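Asker: This one is model-v3.txt, compact mmCIF, C-alpha atoms.
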```txt
# COMPACT_ATOMS: atom_id res chain seq x y z
CA MET A 1 150.80 -96.48 -72.41
CA ILE A 2 152.98 -97.57 -69.53
CA GLU A 3 151.10 -98.84 -66.50
CA ILE A 4 152.32 -97.58 -63.15
CA LYS A 5 151.44 -99.86 -60.26
CA ASP A 6 151.74 -99.46 -56.50
CA ASN A 7 155.32 -100.17 -55.35
CA SER A 8 156.76 -99.62 -58.83
CA LYS A 9 160.39 -98.56 -59.08
CA ILE A 10 160.90 -95.71 -61.54
CA LEU A 11 164.29 -94.61 -62.79
CA PHE A 12 165.06 -91.24 -64.41
CA LEU A 13 168.31 -91.57 -66.38
CA GLY A 14 170.15 -88.85 -68.26
CA ASP A 15 172.32 -85.74 -68.27
CA SER A 16 172.14 -82.29 -66.64
CA ILE A 17 168.45 -81.86 -67.45
CA THR A 18 167.77 -84.79 -65.11
CA ASP A 19 170.51 -83.88 -62.61
CA ILE A 20 168.85 -82.56 -59.43
CA LYS A 21 172.06 -81.28 -57.84
CA PHE A 22 173.15 -79.46 -61.00
CA ASN A 23 169.84 -77.69 -61.46
CA ARG A 24 169.68 -76.62 -57.82
CA ARG A 25 173.28 -75.39 -57.91
CA GLU A 26 172.77 -73.46 -61.16
CA ASN A 27 169.26 -72.24 -60.39
CA ARG A 28 170.24 -68.56 -60.35
CA LYS A 29 171.40 -68.92 -63.95
CA ILE A 30 168.79 -71.29 -65.38
CA HIS A 31 165.77 -70.92 -63.05
CA GLY A 32 165.00 -74.62 -63.32
CA LYS A 33 165.46 -76.43 -60.01
CA ASN A 34 162.01 -78.06 -60.11
CA ILE A 35 163.07 -80.56 -62.74
CA TYR A 36 160.62 -82.63 -64.75
CA ALA A 37 161.51 -85.84 -62.87
CA LEU A 38 160.48 -84.29 -59.56
CA GLN A 39 157.27 -82.95 -61.06
CA VAL A 40 156.40 -86.35 -62.51
CA SER A 41 157.17 -88.07 -59.21
CA LYS A 42 154.95 -85.67 -57.30
CA GLU A 43 151.99 -86.37 -59.57
CA LEU A 44 152.46 -90.14 -59.55
CA LYS A 45 152.59 -90.21 -55.76
CA LYS A 46 149.07 -88.80 -55.72
CA LYS A 47 147.75 -91.91 -57.48
CA HIS A 48 149.97 -94.76 -56.29
CA LYS A 49 151.38 -96.07 -53.02
CA GLY A 50 154.87 -97.26 -52.27
CA LEU A 51 156.54 -95.87 -55.38
CA LYS A 52 160.32 -95.71 -55.32
CA PHE A 53 162.16 -93.19 -57.50
CA PHE A 54 165.79 -93.11 -58.63
CA TYR A 55 167.26 -89.93 -60.11
CA LYS A 56 170.41 -90.71 -62.08
CA GLY A 57 171.08 -87.60 -64.14
CA ILE A 58 174.69 -86.44 -64.37
CA ALA A 59 175.60 -83.09 -65.94
CA SER A 60 177.59 -83.21 -69.20
CA ASN A 61 176.88 -86.91 -69.77
CA ARG A 62 176.79 -88.31 -73.28
CA THR A 63 175.31 -91.66 -74.26
CA TYR A 64 178.67 -93.34 -73.74
CA HIS A 65 178.76 -92.12 -70.14
CA VAL A 66 175.37 -93.73 -69.55
CA TYR A 67 176.74 -96.89 -71.15
CA ASP A 68 179.75 -96.81 -68.81
CA ARG A 69 177.60 -96.47 -65.66
CA LEU A 70 174.69 -98.63 -66.79
CA THR A 71 175.28 -101.47 -64.34
CA LYS A 72 175.45 -99.32 -61.19
CA ASP A 73 172.95 -96.63 -62.13
CA CYS A 74 170.38 -98.80 -63.90
CA ILE A 75 170.68 -102.58 -64.14
CA ASP A 76 171.44 -103.15 -60.45
CA LEU A 77 168.43 -101.04 -59.43
CA LYS A 78 166.04 -103.37 -61.30
CA PRO A 79 163.56 -100.60 -62.18
CA ASP A 80 160.07 -101.36 -63.46
CA VAL A 81 160.10 -98.19 -65.59
CA ILE A 82 162.98 -96.24 -67.09
CA VAL A 83 162.59 -92.66 -68.31
CA MET A 84 165.70 -91.85 -70.34
CA LEU A 85 166.71 -88.43 -71.69
CA ILE A 86 170.16 -88.39 -73.28
CA GLY A 87 171.84 -87.26 -76.50
CA VAL A 88 172.01 -83.47 -76.58
CA ASN A 89 175.63 -83.47 -75.39
CA ASP A 90 176.61 -86.02 -78.04
CA ALA A 91 175.21 -83.64 -80.64
CA TRP A 92 176.84 -80.59 -79.06
CA GLU A 93 180.21 -82.36 -79.04
CA ASN A 94 179.85 -82.76 -82.78
CA TYR A 95 178.61 -79.18 -83.23
CA VAL A 96 181.63 -77.57 -81.53
CA PRO A 97 184.41 -80.16 -81.92
CA GLU A 98 187.06 -77.51 -81.21
CA GLN A 99 185.88 -77.48 -77.59
CA TYR A 100 186.11 -81.24 -77.12
CA PRO A 101 188.45 -84.12 -77.98
CA PRO A 102 187.73 -85.93 -81.26
CA LEU A 103 184.45 -87.84 -81.11
CA ASN A 104 185.61 -91.45 -80.95
CA ARG A 105 182.72 -93.00 -79.06
CA PRO A 106 179.81 -92.81 -81.54
CA ILE A 107 176.24 -92.82 -80.38
CA LYS A 108 174.84 -95.80 -82.32
CA GLU A 109 177.26 -98.37 -80.94
CA HIS A 110 176.70 -97.34 -77.35
CA MET A 111 172.94 -97.08 -77.64
CA SER A 112 172.85 -100.50 -79.30
CA GLU A 113 174.68 -102.00 -76.34
CA ILE A 114 172.42 -100.19 -73.87
CA TYR A 115 169.36 -101.65 -75.57
CA ARG A 116 170.95 -105.10 -75.73
CA ARG A 117 171.47 -105.05 -71.97
CA PHE A 118 167.96 -103.75 -71.34
CA SER A 119 166.58 -106.66 -73.36
CA ALA A 120 168.82 -109.27 -71.75
CA GLU A 121 168.79 -108.09 -68.14
CA LEU A 122 165.62 -106.00 -67.76
CA ALA A 123 163.24 -107.85 -70.04
CA ASN A 124 160.12 -106.80 -68.11
CA THR A 125 161.10 -103.16 -67.67
CA ARG A 126 159.18 -100.56 -69.66
CA LEU A 127 161.20 -97.81 -71.32
CA LEU A 128 160.14 -94.27 -72.14
CA VAL A 129 162.67 -92.43 -74.32
CA LEU A 130 162.61 -88.64 -74.25
CA LEU A 131 164.22 -87.20 -77.36
CA PRO A 132 166.61 -84.24 -76.94
CA PHE A 133 165.58 -80.73 -77.89
CA LEU A 134 166.68 -77.12 -78.37
CA ILE A 135 164.57 -74.21 -77.15
CA ASP A 136 164.88 -71.14 -79.36
CA SER A 137 165.76 -68.60 -76.68
CA VAL A 138 169.35 -67.93 -77.83
CA GLU A 139 169.68 -66.84 -81.45
CA GLU A 140 173.36 -67.82 -81.69
CA LYS A 141 172.47 -71.45 -80.95
CA MET A 142 169.79 -71.76 -83.64
CA PRO A 143 172.16 -73.42 -86.16
CA PHE A 144 172.54 -76.26 -83.66
CA HIS A 145 169.14 -77.54 -84.79
CA ARG A 146 170.77 -78.86 -87.95
CA ILE A 147 173.13 -81.14 -86.03
CA LEU A 148 170.68 -82.01 -83.28
CA ASN A 149 167.99 -83.12 -85.73
CA ASN A 150 170.29 -85.86 -87.00
CA TYR A 151 170.78 -87.18 -83.49
CA ILE A 152 167.05 -86.97 -82.75
CA GLU A 153 166.41 -89.09 -85.84
CA ILE A 154 168.98 -91.69 -84.79
CA LEU A 155 167.66 -91.92 -81.23
CA SER A 156 164.05 -92.06 -82.39
CA GLU A 157 164.71 -94.84 -84.88
CA MET A 158 166.65 -96.92 -82.36
CA ALA A 159 163.95 -96.46 -79.72
CA ARG A 160 161.25 -97.66 -82.12
CA GLU A 161 163.34 -100.65 -83.19
CA ASN A 162 163.71 -101.65 -79.54
CA GLY A 163 160.07 -101.30 -78.56
CA ALA A 164 160.41 -98.20 -76.41
CA GLU A 165 157.76 -95.53 -76.12
CA ILE A 166 158.90 -92.13 -77.35
CA VAL A 167 158.28 -88.52 -76.38
CA ASP A 168 159.24 -86.03 -79.10
CA LEU A 169 160.25 -83.14 -76.85
CA GLN A 170 161.24 -80.93 -79.77
CA ALA A 171 157.67 -81.12 -81.01
CA GLU A 172 156.40 -80.41 -77.49
CA PHE A 173 158.59 -77.32 -77.15
CA ASN A 174 157.71 -76.15 -80.65
CA LYS A 175 154.07 -76.12 -79.55
CA ALA A 176 154.93 -74.41 -76.27
CA GLN A 177 156.96 -71.72 -78.03
CA ALA A 178 153.98 -70.89 -80.22
CA GLU A 179 152.14 -69.85 -77.06
CA THR A 180 154.95 -68.72 -74.72
CA GLU A 181 158.13 -66.71 -75.19
CA PRO A 182 161.07 -69.12 -75.55
CA GLN A 183 162.97 -67.21 -72.84
CA LYS A 184 160.29 -68.27 -70.34
CA LEU A 185 161.01 -71.91 -71.20
CA SER A 186 164.82 -71.72 -71.16
CA LEU A 187 167.38 -69.00 -70.61
CA ASP A 188 170.22 -70.78 -72.42
CA GLY A 189 168.28 -72.87 -74.93
CA ILE A 190 169.40 -76.18 -73.40
CA HIS A 191 168.33 -76.22 -69.75
CA PRO A 192 164.63 -75.65 -69.12
CA THR A 193 163.24 -73.26 -66.54
CA ASP A 194 160.69 -74.61 -64.09
CA LEU A 195 158.05 -73.81 -66.72
CA GLY A 196 160.07 -75.63 -69.36
CA HIS A 197 160.37 -78.64 -67.10
CA SER A 198 156.58 -78.58 -66.73
CA VAL A 199 156.30 -79.03 -70.50
CA ILE A 200 158.42 -82.17 -70.23
CA ALA A 201 156.58 -83.45 -67.16
CA LEU A 202 153.16 -83.12 -68.77
CA ALA A 203 154.38 -84.93 -71.88
CA VAL A 204 155.79 -87.77 -69.76
CA LEU A 205 152.65 -88.13 -67.66
CA LYS A 206 150.54 -88.60 -70.81
CA HIS A 207 152.39 -91.90 -71.34
CA PHE A 208 151.58 -93.25 -67.86
CA SER A 209 148.36 -94.85 -66.74
```
Can you give me the file's structure in the form of structure tokens?

Answerer:
Amino acid sequence: MIEIKDNSKILFLGDSITDIKFNRRENRKIHGKNIYALQVSKELKKKHKGLKFFYKGIASNRTYHVYDRLTKDCIDLKPDVIVMLIGVNDAWENYVPEQYPPLNRPIKEHMSEIYRRFSAELANTRLLVLLPFLIDSVEEKMPFHRILNNYIEILSEMARENGAEIVDLQAEFNKAQAETEPQKLSLDGIHPTDLGHSVIALAVLKHFS
């Protein structure tokens, strides 16, 4: 468990799923403007005073983009807690290489450097790693699971090796899909609806005390 104290600084770091502006702009298409980070923040504010939140999600980011902006969007903020969701775009780039330049910035090297800097410069910061996922609402994207699972395994292993807590969002959405139509959780399989974001938020909050 990660203890949240009054006046804690909490950083949400990631790609479009964490990008407030993107989700508000695309809400007519994806129905997901109430992103998980905002839902988590709202609940934490009920229990703690003086919390400060940073939302550093940027649409289309891969792990190497996070690496490139780590100083400005993470280290310099000196957060007490980092919630990081990244990796689905790395996997997608490998799944449809014809749409992207050759993948020459592999995930392991950049994640290793991210963790090295966390350890060296944010030694007292607690890290919660959210693993990427695919919601089964678009049949044509189902084969993507095969590629994505490899990236989930890599990210999970590296998180464990570096002492981070982990949320297996694929497992969370698998459970949700057993009770709810996948289309209610995501219209495109990648970006959650408000309900889909609630699944993430609840999973995150279980790791906070």

Asker: Write out as a compact mmCIF listing (two decimals) with C-alpha atoms, keeping the file's coordinate frame which residues come within 9 Å of range 79-85 of chain A when counting only C-alpha atoms, dropping same-chain ones fewer than 5 positions away.

Answerer:
```
# COMPACT_ATOMS: atom_id res chain seq x y z
CA ILE A 2 152.98 -97.57 -69.53
CA ILE A 4 152.32 -97.58 -63.15
CA SER A 8 156.76 -99.62 -58.83
CA LYS A 9 160.39 -98.56 -59.08
CA ILE A 10 160.90 -95.71 -61.54
CA LEU A 11 164.29 -94.61 -62.79
CA PHE A 12 165.06 -91.24 -64.41
CA LEU A 13 168.31 -91.57 -66.38
CA GLY A 14 170.15 -88.85 -68.26
CA ASP A 15 172.32 -85.74 -68.27
CA ILE A 17 168.45 -81.86 -67.45
CA THR A 18 167.77 -84.79 -65.11
CA ALA A 37 161.51 -85.84 -62.87
CA PHE A 53 162.16 -93.19 -57.50
CA PHE A 54 165.79 -93.11 -58.63
CA GLY A 57 171.08 -87.60 -64.14
CA CYS A 74 170.38 -98.80 -63.90
CA LEU A 122 165.62 -106.00 -67.76
CA ASN A 124 160.12 -106.80 -68.11
CA THR A 125 161.10 -103.16 -67.67
CA ARG A 126 159.18 -100.56 -69.66
CA LEU A 127 161.20 -97.81 -71.32
CA LEU A 128 160.14 -94.27 -72.14
CA VAL A 129 162.67 -92.43 -74.32
CA LEU A 130 162.61 -88.64 -74.25
CA LEU A 131 164.22 -87.20 -77.36
CA PRO A 132 166.61 -84.24 -76.94
CA VAL A 204 155.79 -87.77 -69.76
```

Asker: For each of A:Met142, A:Leu202, A:Ile166, A:Ile75, take the minimum atom-to-atom distance to Ile114 in chain A, counting only C-alpha atoms, then give the residue where this is smallest.

Answerer: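 Smallest separation from Ile114 in chain A among the options: A:Ile75.
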
Asker: Between A:Lys141, A:Glu93, A:Ile135, A:Lys184, which has the minimum distance to Ala171 in chain A (counting all atoms listed in the file)?

Answerer: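 Distance minimum relative to Ala171 in chain A lands on A:Ile135.
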
Asker: Considering all atoms listed in the file, return as a list of chain:residue names whatever protein or nucleic-acid residues lie within 12 Å of Leu148 in chain A, sequence-local ones (same chain, fewer than 4 positions apart) excluded.

Answerer: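 Returned residues: A:Ile86, A:Gly87, A:Val88, A:Asn89, A:Asp90, A:Ala91, A:Trp92, A:Glu93, A:Asn94, A:Tyr95, A:Val96, A:Leu131, A:Pro132, A:Phe133, A:Leu134, A:Ile135, A:Lys141, A:Met142, A:Pro143, A:Phe144, A:Ile152, A:Glu153, A:Ile154, A:Leu155, A:Gln170, A:Ile190.
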
Asker: Have a look at CA of Arg160 in chain A and CA of Glu121 in chain A and let me know their distance in Å, one decimal.

Answerer: 19.0 Å

Asker: Restricting the calculation to all atoms listed in the file, which member of A:Tyr67, A:Lys33, A:Asp76, A:Gln177 is positioned closest to Glu109 in chain A?

Answerer: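 Under the stated criterion, the closest residue is A:Tyr67.
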
Asker: Quick one: 6 Å padding each side, axis-aligned, all listed atoms of range 26-34 of chain A - centre and edge lengths in Å to one decimal, as AutoDock Vina command-line options?

Answerer:
```
--center_x 167.4 --center_y -73.3 --center_z -62.7 --size_x 22.8 --size_y 21.5 --size_z 17.4
```

Asker: Go through A:Leu195, A:Val167, A:Ala201, A:Val66 one by one, measure the shortest atom-to-atom distance of each to Glu113 in chain A using only C-alpha atoms, and give the residue with the smallest value.

Answerer: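 Checking each candidate against Glu113 in chain A, we get A:Val66 as the closest.
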
Asker: A:Asn174, A:Ser198, A:Ser60, A:Ser112: which is nearest Glu157 in chain A, counting only C-alpha atoms?

Answerer: A:Ser112

Asker: A:His191, A:His110, A:Lys52, A:Arg69: which is nearest Asn23 in chain A, counting all atoms listed in the file?

Answerer: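 Under the stated criterion, the closest residue is A:His191.
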
Asker: Take range 107-118 of chain A from the preceding structure and save all heavy atoms as a PDB file, in the first residue's frame.

Answerer:
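Saved result, selection-v9.pdb, follows:
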```pdb
ATOM      1  N   ILE A 107      11.946  -0.209 -25.680  1.00  0.00           N
ATOM      2  CA  ILE A 107      11.313   0.110 -24.416  1.00  0.00           C
ATOM      3  C   ILE A 107      12.210  -0.176 -23.209  1.00  0.00           C
ATOM      4  O   ILE A 107      12.247   0.600 -22.245  1.00  0.00           O
ATOM      5  CB  ILE A 107       9.962  -0.649 -24.303  1.00  0.00           C
ATOM      6  CG1 ILE A 107       9.141  -0.134 -23.123  1.00  0.00           C
ATOM      7  CG2 ILE A 107      10.177  -2.150 -24.226  1.00  0.00           C
ATOM      8  CD1 ILE A 107       7.716  -0.676 -23.112  1.00  0.00           C
ATOM      9  N   LYS A 108      12.947  -1.292 -23.216  1.00  0.00           N
ATOM     10  CA  LYS A 108      13.717  -1.669 -22.039  1.00  0.00           C
ATOM     11  C   LYS A 108      14.780  -0.644 -21.673  1.00  0.00           C
ATOM     12  O   LYS A 108      14.944  -0.297 -20.496  1.00  0.00           O
ATOM     13  CB  LYS A 108      14.373  -3.040 -22.253  1.00  0.00           C
ATOM     14  CG  LYS A 108      13.436  -4.218 -22.098  1.00  0.00           C
ATOM     15  CD  LYS A 108      14.207  -5.526 -22.148  1.00  0.00           C
ATOM     16  CE  LYS A 108      13.303  -6.711 -21.895  1.00  0.00           C
ATOM     17  NZ  LYS A 108      14.054  -7.993 -21.917  1.00  0.00           N
ATOM     18  N   GLU A 109      15.483  -0.144 -22.671  1.00  0.00           N
ATOM     19  CA  GLU A 109      16.559   0.805 -22.395  1.00  0.00           C
ATOM     20  C   GLU A 109      16.026   2.096 -21.787  1.00  0.00           C
ATOM     21  O   GLU A 109      16.607   2.645 -20.844  1.00  0.00           O
ATOM     22  CB  GLU A 109      17.331   1.120 -23.676  1.00  0.00           C
ATOM     23  CG  GLU A 109      18.270   0.018 -24.134  1.00  0.00           C
ATOM     24  CD  GLU A 109      17.571  -1.120 -24.862  1.00  0.00           C
ATOM     25  OE1 GLU A 109      16.316  -1.141 -24.882  1.00  0.00           O
ATOM     26  OE2 GLU A 109      18.276  -1.976 -25.410  1.00  0.00           O
ATOM     27  N   HIS A 110      14.902   2.559 -22.296  1.00  0.00           N
ATOM     28  CA  HIS A 110      14.355   3.817 -21.795  1.00  0.00           C
ATOM     29  C   HIS A 110      13.710   3.648 -20.427  1.00  0.00           C
ATOM     30  O   HIS A 110      13.866   4.512 -19.553  1.00  0.00           O
ATOM     31  CB  HIS A 110      13.379   4.402 -22.813  1.00  0.00           C
ATOM     32  CG  HIS A 110      14.054   4.868 -24.052  1.00  0.00           C
ATOM     33  ND1 HIS A 110      14.304   4.030 -25.117  1.00  0.00           N
ATOM     34  CD2 HIS A 110      14.598   6.065 -24.384  1.00  0.00           C
ATOM     35  CE1 HIS A 110      14.950   4.702 -26.057  1.00  0.00           C
ATOM     36  NE2 HIS A 110      15.145   5.933 -25.639  1.00  0.00           N
ATOM     37  N   MET A 111      13.026   2.538 -20.217  1.00  0.00           N
ATOM     38  CA  MET A 111      12.458   2.302 -18.899  1.00  0.00           C
ATOM     39  C   MET A 111      13.564   2.094 -17.865  1.00  0.00           C
ATOM     40  O   MET A 111      13.433   2.546 -16.720  1.00  0.00           O
ATOM     41  CB  MET A 111      11.528   1.087 -18.927  1.00  0.00           C
ATOM     42  CG  MET A 111      10.197   1.337 -19.621  1.00  0.00           C
ATOM     43  SD  MET A 111       9.254   2.742 -18.952  1.00  0.00           S
ATOM     44  CE  MET A 111       9.108   2.299 -17.225  1.00  0.00           C
ATOM     45  N   SER A 112      14.636   1.453 -18.234  1.00  0.00           N
ATOM     46  CA  SER A 112      15.765   1.268 -17.309  1.00  0.00           C
ATOM     47  C   SER A 112      16.325   2.612 -16.860  1.00  0.00           C
ATOM     48  O   SER A 112      16.635   2.813 -15.680  1.00  0.00           O
ATOM     49  CB  SER A 112      16.877   0.438 -17.965  1.00  0.00           C
ATOM     50  OG  SER A 112      16.463  -0.885 -18.179  1.00  0.00           O
ATOM     51  N   GLU A 113      16.441   3.547 -17.797  1.00  0.00           N
ATOM     52  CA  GLU A 113      16.968   4.862 -17.457  1.00  0.00           C
ATOM     53  C   GLU A 113      15.967   5.652 -16.624  1.00  0.00           C
ATOM     54  O   GLU A 113      16.350   6.405 -15.707  1.00  0.00           O
ATOM     55  CB  GLU A 113      17.324   5.624 -18.730  1.00  0.00           C
ATOM     56  CG  GLU A 113      17.935   6.991 -18.511  1.00  0.00           C
ATOM     57  CD  GLU A 113      19.255   6.978 -17.756  1.00  0.00           C
ATOM     58  OE1 GLU A 113      19.842   5.889 -17.595  1.00  0.00           O
ATOM     59  OE2 GLU A 113      19.688   8.060 -17.299  1.00  0.00           O
ATOM     60  N   ILE A 114      14.688   5.505 -16.907  1.00  0.00           N
ATOM     61  CA  ILE A 114      13.657   6.158 -16.091  1.00  0.00           C
ATOM     62  C   ILE A 114      13.749   5.675 -14.645  1.00  0.00           C
ATOM     63  O   ILE A 114      13.761   6.470 -13.698  1.00  0.00           O
ATOM     64  CB  ILE A 114      12.253   5.899 -16.675  1.00  0.00           C
ATOM     65  CG1 ILE A 114      12.065   6.705 -17.978  1.00  0.00           C
ATOM     66  CG2 ILE A 114      11.166   6.253 -15.668  1.00  0.00           C
ATOM     67  CD1 ILE A 114      10.812   6.351 -18.742  1.00  0.00           C
ATOM     68  N   TYR A 115      13.849   4.366 -14.466  1.00  0.00           N
ATOM     69  CA  TYR A 115      13.952   3.822 -13.112  1.00  0.00           C
ATOM     70  C   TYR A 115      15.257   4.235 -12.435  1.00  0.00           C
ATOM     71  O   TYR A 115      15.285   4.482 -11.224  1.00  0.00           O
ATOM     72  CB  TYR A 115      13.829   2.298 -13.142  1.00  0.00           C
ATOM     73  CG  TYR A 115      12.411   1.801 -13.292  1.00  0.00           C
ATOM     74  CD1 TYR A 115      12.046   0.981 -14.360  1.00  0.00           C
ATOM     75  CD2 TYR A 115      11.436   2.138 -12.359  1.00  0.00           C
ATOM     76  CE1 TYR A 115      10.746   0.527 -14.492  1.00  0.00           C
ATOM     77  CE2 TYR A 115      10.133   1.683 -12.481  1.00  0.00           C
ATOM     78  CZ  TYR A 115       9.789   0.877 -13.548  1.00  0.00           C
ATOM     79  OH  TYR A 115       8.501   0.429 -13.677  1.00  0.00           O
ATOM     80  N   ARG A 116      16.332   4.305 -13.196  1.00  0.00           N
ATOM     81  CA  ARG A 116      17.604   4.734 -12.611  1.00  0.00           C
ATOM     82  C   ARG A 116      17.475   6.144 -12.054  1.00  0.00           C
ATOM     83  O   ARG A 116      17.927   6.429 -10.938  1.00  0.00           O
ATOM     84  CB  ARG A 116      18.720   4.685 -13.661  1.00  0.00           C
ATOM     85  CG  ARG A 116      20.103   5.007 -13.081  1.00  0.00           C
ATOM     86  CD  ARG A 116      21.108   5.333 -14.150  1.00  0.00           C
ATOM     87  NE  ARG A 116      20.818   6.598 -14.828  1.00  0.00           N
ATOM     88  CZ  ARG A 116      21.078   7.794 -14.300  1.00  0.00           C
ATOM     89  NH1 ARG A 116      21.613   7.916 -13.093  1.00  0.00           N
ATOM     90  NH2 ARG A 116      20.785   8.902 -14.982  1.00  0.00           N
ATOM     91  N   ARG A 117      16.828   7.024 -12.804  1.00  0.00           N
ATOM     92  CA  ARG A 117      16.670   8.405 -12.349  1.00  0.00           C
ATOM     93  C   ARG A 117      15.702   8.492 -11.170  1.00  0.00           C
ATOM     94  O   ARG A 117      15.918   9.289 -10.253  1.00  0.00           O
ATOM     95  CB  ARG A 117      16.209   9.289 -13.502  1.00  0.00           C
ATOM     96  CG  ARG A 117      17.273   9.466 -14.586  1.00  0.00           C
ATOM     97  CD  ARG A 117      16.969  10.655 -15.467  1.00  0.00           C
ATOM     98  NE  ARG A 117      17.027  11.896 -14.695  1.00  0.00           N
ATOM     99  CZ  ARG A 117      16.602  13.079 -15.171  1.00  0.00           C
ATOM    100  NH1 ARG A 117      16.101  13.160 -16.398  1.00  0.00           N
ATOM    101  NH2 ARG A 117      16.679  14.162 -14.425  1.00  0.00           N
ATOM    102  N   PHE A 118      14.650   7.693 -11.184  1.00  0.00           N
ATOM    103  CA  PHE A 118      13.756   7.657 -10.033  1.00  0.00           C
ATOM    104  C   PHE A 118      14.547   7.303  -8.770  1.00  0.00           C
ATOM    105  O   PHE A 118      14.406   7.938  -7.727  1.00  0.00           O
ATOM    106  CB  PHE A 118      12.646   6.628 -10.236  1.00  0.00           C
ATOM    107  CG  PHE A 118      11.547   7.050 -11.171  1.00  0.00           C
ATOM    108  CD1 PHE A 118      10.642   6.116 -11.660  1.00  0.00           C
ATOM    109  CD2 PHE A 118      11.403   8.358 -11.570  1.00  0.00           C
ATOM    110  CE1 PHE A 118       9.612   6.481 -12.504  1.00  0.00           C
ATOM    111  CE2 PHE A 118      10.382   8.750 -12.433  1.00  0.00           C
ATOM    112  CZ  PHE A 118       9.485   7.799 -12.896  1.00  0.00           C
TER     113      PHE A 118
END
```
